[in-house]
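Source file: data_3.tsv. Holds: TSV, C-alpha atoms.
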```
chain	number	residue	atom	x	y	z
A	1	MET	CA	100.08	92.47	85.68
A	2	GLY	CA	100.94	89.05	87.11
A	3	LYS	CA	103.40	88.31	84.30
A	4	ALA	CA	105.09	91.70	84.73
A	5	THR	CA	105.28	91.23	88.51
A	6	LEU	CA	106.96	87.85	88.05
A	7	THR	CA	109.37	89.43	85.57
A	8	GLY	CA	110.26	92.05	88.18
A	9	PHE	CA	110.83	89.32	90.75
A	10	CYS	CA	113.28	87.69	88.31
A	11	ALA	CA	115.40	90.81	88.85
A	12	VAL	CA	115.27	90.23	92.62
A	13	ALA	CA	116.37	86.62	92.09
A	14	MET	CA	119.30	87.75	89.93
A	15	TRP	CA	120.33	90.38	92.49
A	16	ALA	CA	120.63	87.52	94.97
A	17	LEU	CA	123.78	86.46	93.06
A	18	LEU	CA	125.38	89.88	93.46
A	19	ALA	CA	127.29	89.15	96.68
A	20	LEU	CA	128.47	85.71	95.55
A	21	LEU	CA	129.72	86.85	92.14
A	22	THR	CA	131.23	90.05	93.53
A	23	ASP	CA	133.17	88.02	96.08
A	24	ALA	CA	134.33	85.66	93.32
A	25	SER	CA	135.50	88.57	91.13
A	26	GLY	CA	138.59	89.20	93.25
A	27	ASP	CA	139.94	92.57	94.40
A	28	THR	CA	138.69	94.67	91.50
A	29	PRO	CA	137.76	98.11	92.93
A	30	PRO	CA	134.03	98.92	92.95
A	31	PHE	CA	133.88	101.65	90.29
A	32	LEU	CA	136.03	99.66	87.88
A	33	LEU	CA	133.87	96.60	88.48
A	34	SER	CA	130.81	98.76	87.88
A	35	ALA	CA	132.26	100.08	84.62
A	36	MET	CA	133.00	96.58	83.33
A	37	THR	CA	129.71	94.99	84.37
A	38	PHE	CA	127.49	97.83	83.17
A	39	SER	CA	129.30	97.67	79.83
A	40	ILE	CA	128.26	94.04	79.59
A	41	GLY	CA	124.75	95.03	80.67
A	42	SER	CA	124.49	97.54	77.85
A	43	ALA	CA	125.78	94.92	75.40
A	44	ILE	CA	122.77	92.76	76.35
A	45	GLY	CA	120.47	95.50	75.12
A	46	PHE	CA	122.36	95.98	71.87
A	47	ALA	CA	122.35	92.21	71.27
A	48	ALA	CA	118.60	92.00	71.94
A	49	ARG	CA	117.99	94.76	69.42
A	50	ALA	CA	120.25	93.09	66.83
A	51	VAL	CA	118.25	89.85	66.93
A	52	GLY	CA	114.89	91.61	66.99
A	53	LEU	CA	113.95	90.94	70.63
A	54	SER	CA	113.61	94.66	71.36
A	55	SER	CA	113.10	97.81	69.38
A	56	PRO	CA	114.02	101.47	69.90
A	57	ALA	CA	111.50	104.03	71.11
A	58	ARG	CA	109.03	105.04	68.43
A	59	GLU	CA	108.78	108.55	69.83
A	60	PRO	CA	111.45	110.86	71.30
A	61	VAL	CA	112.13	110.05	74.95
A	62	PRO	CA	111.62	113.09	77.22
A	63	PRO	CA	114.82	114.46	78.81
A	64	VAL	CA	113.39	113.83	82.27
A	65	VAL	CA	113.34	110.07	81.53
A	66	TRP	CA	117.06	110.17	80.72
A	67	LEU	CA	117.67	112.05	83.96
A	68	ILE	CA	115.66	109.53	85.97
A	69	GLY	CA	117.29	106.50	84.35
A	70	ILE	CA	120.93	107.58	84.45
A	71	GLY	CA	120.50	109.28	87.81
A	72	GLY	CA	118.91	106.15	89.23
A	73	LEU	CA	121.42	103.58	88.03
A	74	PHE	CA	124.59	105.61	88.42
A	75	GLY	CA	123.36	107.68	91.38
A	76	TYR	CA	122.49	104.63	93.46
A	77	HIS	CA	125.79	102.90	92.82
A	78	PHE	CA	127.83	106.06	93.37
A	79	LEU	CA	126.13	106.72	96.72
A	80	TYR	CA	126.32	103.08	97.80
A	81	PHE	CA	130.02	102.76	96.94
A	82	THR	CA	130.68	106.05	98.75
A	83	ALA	CA	128.87	104.67	101.80
A	84	LEU	CA	130.99	101.51	101.71
A	85	ARG	CA	134.11	103.70	101.82
A	86	ASN	CA	132.91	105.48	104.95
A	87	VAL	CA	130.98	102.93	106.98
A	88	PRO	CA	131.23	99.16	107.64
A	89	ALA	CA	129.51	97.07	104.98
A	90	VAL	CA	126.92	95.69	107.43
A	91	GLU	CA	125.57	99.11	108.30
A	92	ALA	CA	125.75	100.37	104.70
A	93	SER	CA	123.81	97.35	103.39
A	94	LEU	CA	121.15	97.58	106.08
A	95	ILE	CA	120.44	101.28	105.55
A	96	ALA	CA	120.61	101.08	101.75
A	97	TYR	CA	118.11	98.23	101.84
A	98	LEU	CA	115.40	100.54	103.10
A	99	TRP	CA	114.45	101.09	99.45
A	100	PRO	CA	111.83	98.31	99.25
A	101	LEU	CA	109.98	99.89	102.19
A	102	PHE	CA	110.20	103.31	100.52
A	103	ILE	CA	108.77	101.83	97.31
A	104	VAL	CA	105.81	100.26	99.12
A	105	VAL	CA	104.99	103.44	101.06
A	106	GLY	CA	105.74	105.79	98.16
A	107	SER	CA	103.49	103.83	95.83
A	108	ALA	CA	100.51	105.37	97.60
A	109	LEU	CA	101.38	108.63	95.83
A	110	MET	CA	101.25	107.03	92.37
A	111	PRO	CA	98.20	107.43	90.10
A	112	GLY	CA	95.93	104.40	90.19
A	113	GLU	CA	97.68	102.83	93.19
A	114	ARG	CA	96.19	102.16	96.59
A	115	LEU	CA	98.23	101.34	99.68
A	116	ARG	CA	96.72	98.69	101.95
A	117	TRP	CA	97.66	97.73	105.49
A	118	TYR	CA	99.00	94.36	104.34
A	119	HIS	CA	101.44	96.05	101.93
A	120	ILE	CA	102.99	97.99	104.82
A	121	ALA	CA	102.89	95.02	107.21
A	122	GLY	CA	104.53	92.76	104.64
A	123	ALA	CA	107.26	95.31	103.91
A	124	LEU	CA	107.98	95.76	107.63
A	125	MET	CA	108.22	92.00	108.11
A	126	GLY	CA	110.65	91.84	105.21
A	127	LEU	CA	112.67	94.67	106.74
A	128	ALA	CA	112.82	92.81	110.06
A	129	GLY	CA	114.09	89.69	108.31
A	130	THR	CA	116.69	91.72	106.44
A	131	VAL	CA	117.87	93.27	109.71
A	132	LEU	CA	118.45	89.78	111.12
A	133	ILE	CA	120.46	88.74	108.06
A	134	VAL	CA	122.56	91.85	107.59
A	135	THR	CA	123.30	92.42	111.29
A	136	LYS	CA	123.76	88.70	112.04
A	137	GLY	CA	121.12	88.68	114.73
A	138	GLY	CA	121.01	92.34	115.72
A	139	GLN	CA	124.68	93.31	116.07
A	140	PHE	CA	124.31	96.94	115.09
A	141	SER	CA	124.90	100.20	116.95
A	142	PHE	CA	124.93	103.76	115.68
A	143	ASP	CA	128.39	105.38	115.61
A	144	ALA	CA	128.58	109.14	115.03
A	145	ARG	CA	131.94	108.69	113.29
A	146	TYR	CA	130.10	107.05	110.42
A	147	ALA	CA	127.40	109.71	110.07
A	148	PHE	CA	128.50	110.65	106.53
A	149	GLY	CA	128.46	107.00	105.42
A	150	TYR	CA	125.04	106.48	106.97
A	151	ALA	CA	123.75	109.53	105.10
A	152	MET	CA	125.15	108.23	101.79
A	153	ALA	CA	123.54	104.81	102.30
A	154	PHE	CA	120.22	106.43	103.19
A	155	ALA	CA	120.45	108.64	100.10
A	156	ALA	CA	121.14	105.54	97.99
A	157	ALA	CA	117.91	103.97	99.27
A	158	ILE	CA	115.97	107.13	98.45
A	159	VAL	CA	117.48	107.33	94.94
A	160	TRP	CA	116.65	103.73	94.00
A	161	ALA	CA	113.11	103.93	95.37
A	162	THR	CA	112.58	107.22	93.54
A	163	TYR	CA	113.97	105.76	90.31
A	164	SER	CA	111.64	102.77	90.56
A	165	LEU	CA	108.55	104.84	91.32
A	166	LEU	CA	109.23	107.47	88.66
A	167	SER	CA	109.92	104.77	86.08
A	168	ARG	CA	106.32	103.70	86.57
A	169	ARG	CA	105.16	107.26	85.94
A	170	PHE	CA	106.84	107.08	82.54
A	171	SER	CA	105.76	103.56	81.66
A	172	SER	CA	105.38	104.53	78.00
A	173	ALA	CA	109.19	104.67	77.66
A	174	PRO	CA	110.29	101.26	76.32
A	175	THR	CA	112.46	98.98	78.44
A	176	SER	CA	115.03	98.98	75.63
A	177	ILE	CA	116.12	102.45	76.79
A	178	VAL	CA	117.74	100.77	79.81
A	179	THR	CA	120.53	99.88	77.35
A	180	TRP	CA	121.57	103.53	77.24
A	181	PHE	CA	121.19	103.95	80.99
A	182	CYS	CA	123.65	101.07	81.49
A	183	LEU	CA	126.08	102.50	78.94
A	184	ALA	CA	126.01	105.94	80.56
A	185	THR	CA	126.51	104.36	84.00
A	186	ALA	CA	129.50	102.41	82.68
A	187	ILE	CA	131.11	105.58	81.31
A	188	LEU	CA	130.50	107.58	84.50
A	189	SER	CA	131.79	104.68	86.63
A	190	LEU	CA	134.98	104.56	84.54
A	191	ILE	CA	135.50	108.28	85.10
A	192	CYS	CA	135.05	107.79	88.87
A	193	HIS	CA	137.49	104.89	88.78
A	194	LEU	CA	140.16	106.95	87.02
A	195	LEU	CA	139.71	109.76	89.55
A	196	LEU	CA	139.30	107.79	92.77
A	197	GLU	CA	140.77	104.29	92.45
A	198	GLN	CA	143.84	102.31	91.50
A	199	THR	CA	143.39	99.82	88.68
A	200	VAL	CA	143.30	96.19	89.81
A	201	LEU	CA	142.03	93.76	87.18
A	202	PRO	CA	140.74	90.22	87.81
A	203	GLN	CA	143.68	87.82	87.95
A	204	ALA	CA	142.27	84.37	87.17
A	205	THR	CA	139.83	82.88	84.69
A	206	GLY	CA	137.31	82.27	87.46
A	207	GLN	CA	137.40	85.94	88.43
A	208	TRP	CA	136.82	87.05	84.84
A	209	LEU	CA	133.90	84.61	84.59
A	210	ALA	CA	132.45	86.12	87.78
A	211	VAL	CA	132.67	89.58	86.19
A	212	LEU	CA	130.93	88.22	83.10
A	213	GLY	CA	128.24	86.65	85.28
A	214	LEU	CA	127.71	89.94	87.09
A	215	GLY	CA	127.29	91.81	83.82
A	216	LEU	CA	124.92	89.23	82.37
A	217	MET	CA	122.62	88.90	85.38
A	218	PRO	CA	122.59	91.13	88.52
A	219	VAL	CA	124.20	94.12	86.80
A	220	GLY	CA	122.69	93.41	83.40
A	221	ALA	CA	119.48	91.54	82.64
A	222	ALA	CA	118.16	92.32	86.13
A	223	PHE	CA	117.77	96.02	85.31
A	224	TYR	CA	115.75	95.26	82.17
A	225	ALA	CA	113.51	92.87	84.12
A	226	TRP	CA	113.10	95.39	86.96
A	227	ASP	CA	112.20	98.18	84.55
A	228	TYR	CA	109.48	96.09	82.94
A	229	GLY	CA	108.22	94.90	86.32
A	230	VAL	CA	107.88	98.30	87.99
A	231	LYS	CA	106.28	99.81	84.87
A	232	HIS	CA	103.64	97.15	84.30
A	233	GLY	CA	103.46	94.97	87.44
A	234	ASN	CA	102.19	95.31	91.00
A	235	ILE	CA	104.72	97.70	92.47
A	236	GLN	CA	103.67	97.16	96.11
A	237	VAL	CA	104.18	93.42	95.79
A	238	LEU	CA	107.52	93.94	94.05
A	239	GLY	CA	108.66	96.30	96.80
A	240	ALA	CA	107.84	93.84	99.58
A	241	ALA	CA	109.16	90.84	97.62
A	242	SER	CA	112.47	92.63	97.07
A	243	TYR	CA	113.42	91.75	100.63
A	244	ALA	CA	113.90	88.20	99.35
A	245	ALA	CA	117.14	89.34	97.67
A	246	PRO	CA	119.34	89.39	100.82
A	247	LEU	CA	117.78	86.11	101.94
A	248	LEU	CA	118.42	84.41	98.60
A	249	SER	CA	121.88	85.94	98.54
A	250	THR	CA	122.68	84.46	101.94
A	251	LEU	CA	121.32	81.06	100.89
A	252	ALA	CA	123.50	81.19	97.76
A	253	LEU	CA	126.56	81.94	99.91
A	254	ILE	CA	125.68	79.03	102.21
A	255	ALA	CA	125.18	76.66	99.28
A	256	SER	CA	128.55	77.66	97.80
A	257	GLY	CA	130.38	77.28	101.11
A	258	PHE	CA	131.06	80.98	101.73
A	259	ALA	CA	128.74	81.13	104.76
A	260	GLU	CA	127.18	78.83	107.36
A	261	ALA	CA	123.52	78.28	108.19
A	262	ASP	CA	122.28	79.26	111.65
A	263	PRO	CA	118.96	79.90	113.47
A	264	THR	CA	119.07	83.56	112.43
A	265	ILE	CA	118.76	82.54	108.77
A	266	VAL	CA	115.74	80.36	109.57
A	267	ALA	CA	114.02	83.22	111.42
A	268	ALA	CA	114.80	85.64	108.61
A	269	CYS	CA	113.46	83.15	106.07
A	270	VAL	CA	110.15	82.91	107.92
A	271	LEU	CA	109.81	86.70	108.27
A	272	ILE	CA	110.70	87.52	104.67
A	273	THR	CA	108.60	84.76	103.14
A	274	ALA	CA	105.59	85.53	105.31
A	275	GLY	CA	105.98	89.25	104.62
A	276	ALA	CA	106.12	88.73	100.87
A	277	VAL	CA	103.06	86.45	100.91
A	278	LEU	CA	101.15	88.95	103.07
A	279	ALA	CA	102.02	91.86	100.79
A	280	ALA	CA	100.94	89.82	97.75
A	281	SER	CA	97.89	88.29	99.43
A	282	ASN	CA	95.39	90.21	97.33
A	283	MET	CA	97.09	89.11	94.09
A	284	LEU	CA	97.65	85.53	95.26
A	285	PHE	CA	94.37	84.81	97.05
A	286	GLY	CA	92.00	87.61	96.02
A	287	ARG	CA	88.74	86.63	94.47
A	288	ARG	CA	88.00	87.57	90.92
A	289	ALA	CA	85.17	89.96	90.41
A	290	ARG	CA	81.96	88.19	89.54
A	291	PRO	CA	80.47	89.09	86.19
A	292	THR	CA	77.45	91.35	86.33
A	293	PRO	CA	74.31	89.51	85.20
A	294	ALA	CA	72.97	90.72	81.88
A	295	THR	CA	69.60	92.43	81.99
A	296	GLY	CA	67.07	91.98	79.29
A	297	GLY	CA	65.32	94.88	77.57
```
Taking this structure as input, can you express it in the form of structure tokens?
Amino acid sequence: MGKATLTGFCAVAMWALLALLTDASGDTPPFLLSAMTFSIGSAIGFAARAVGLSSPAREPVPPVVWLIGIGGLFGYHFLYFTALRNVPAVEASLIAYLWPLFIVVGSALMPGERLRWYHIAGALMGLAGTVLIVTKGGQFSFDARYAFGYAMAFAAAIVWATYSLLSRRFSSAPTSIVTWFCLATAILSLICHLLLEQTVLPQATGQWLAVLGLGLMPVGAAFYAWDYGVKHGNIQVLGAASYAAPLLSTLALIASGFAEADPTIVAACVLITAGAVLAASNMLFGRRARPTPATGG
């Protein structure tokens, strides 16, 4: 479980590059960018299969798994992009990033899982740190004009949490099936682009490299790592640790010169790190069960 949990956290680390690489990709509209990057993400799966690193499912995959996978990947991005069109990015990001909390709380409904107080406390600390980052110290106020956008962002959070939790329910489905989820998401994103957006392609080599980086990591390998993590790792720890993504993303922007460090970042760092450690305290510091002494006959 520890190895799978660390694999899932690799996805969180890759998602931290999402904002930086998206910003570097130029003015490409969201659905077109999604179509291009998810195409690259699906190519990762095909390449892994070609060199023998993954194999197709040995048994037919139930239709519900296809619905969960495609609905999760495409549904989340469709709802999130719709929210961005109808509400400022700060508010959309904050509401959409309720999904780690939903995963931690929802995990109590999963077979074999048990929700502890430190899982909830750690997730709430992570949420508080995320609020500081996304709102830049608490600059957020509800505006009824953006009610539709708020609803779309909230729905996006529900969809991703549901996708992650249900993926665990169908852990027998191999991670290689994510290849087809990415391909379907790319096709659906292209359709949305043709219906809703004007085509604007990356203009410079650096922008094309940013698109490639997006497809290889945060919109590619990250989904394979996340699938394996939520299916076989500690899902409560992964949910709480997912709040590290906006923190790492902000640190990446600071390191690259796109943002400046301030006391808010320090406070958020303390909250998110402490929350993640608290949520994972049983895995990190828990004692191993002592072997039962053998009894002679």
Closest contacts (region 77-176 of chain A/region 24-39 of chain A, max 9 Å, only C-alpha atoms) as a tab-separated table:
```
residue	atom	partner	partner_atom	distance
A:His77	CA	A:Ser34	CA	8.2
A:Phe78	CA	A:Phe31	CA	8.1
A:Phe81	CA	A:Pro30	CA	6.8
```
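Closest approach to Leu20 (chain A) from the set A:Ser281, A:Thr82, A:Thr264, A:Gln207 is made by A:Gln207, with distances taken over all atoms listed in the file.
Counting only C-alpha atoms, the residue from A:Ser176, A:His232, A:Phe223, A:Asp262 that sits nearest to Val12 (chain A) is A:Phe223.
For the atom pair formed by CA of Ala43 (chain A) and CA of Leu73 (chain A), the distance is 15.9 Å, given to one decimal.
Of the residues under consideration (A:Gly8, A:Pro88, A:Pro62, A:Gly112), A:Gly8 shows the shortest atom-to-atom contact distance to Ala241 (chain A) when counting all atoms listed in the file.
Residue nearest Tyr228 (chain A), chosen from A:Ala173, A:Val64, A:Val104, A:Ile40 and counting only C-alpha atoms: A:Ala173.
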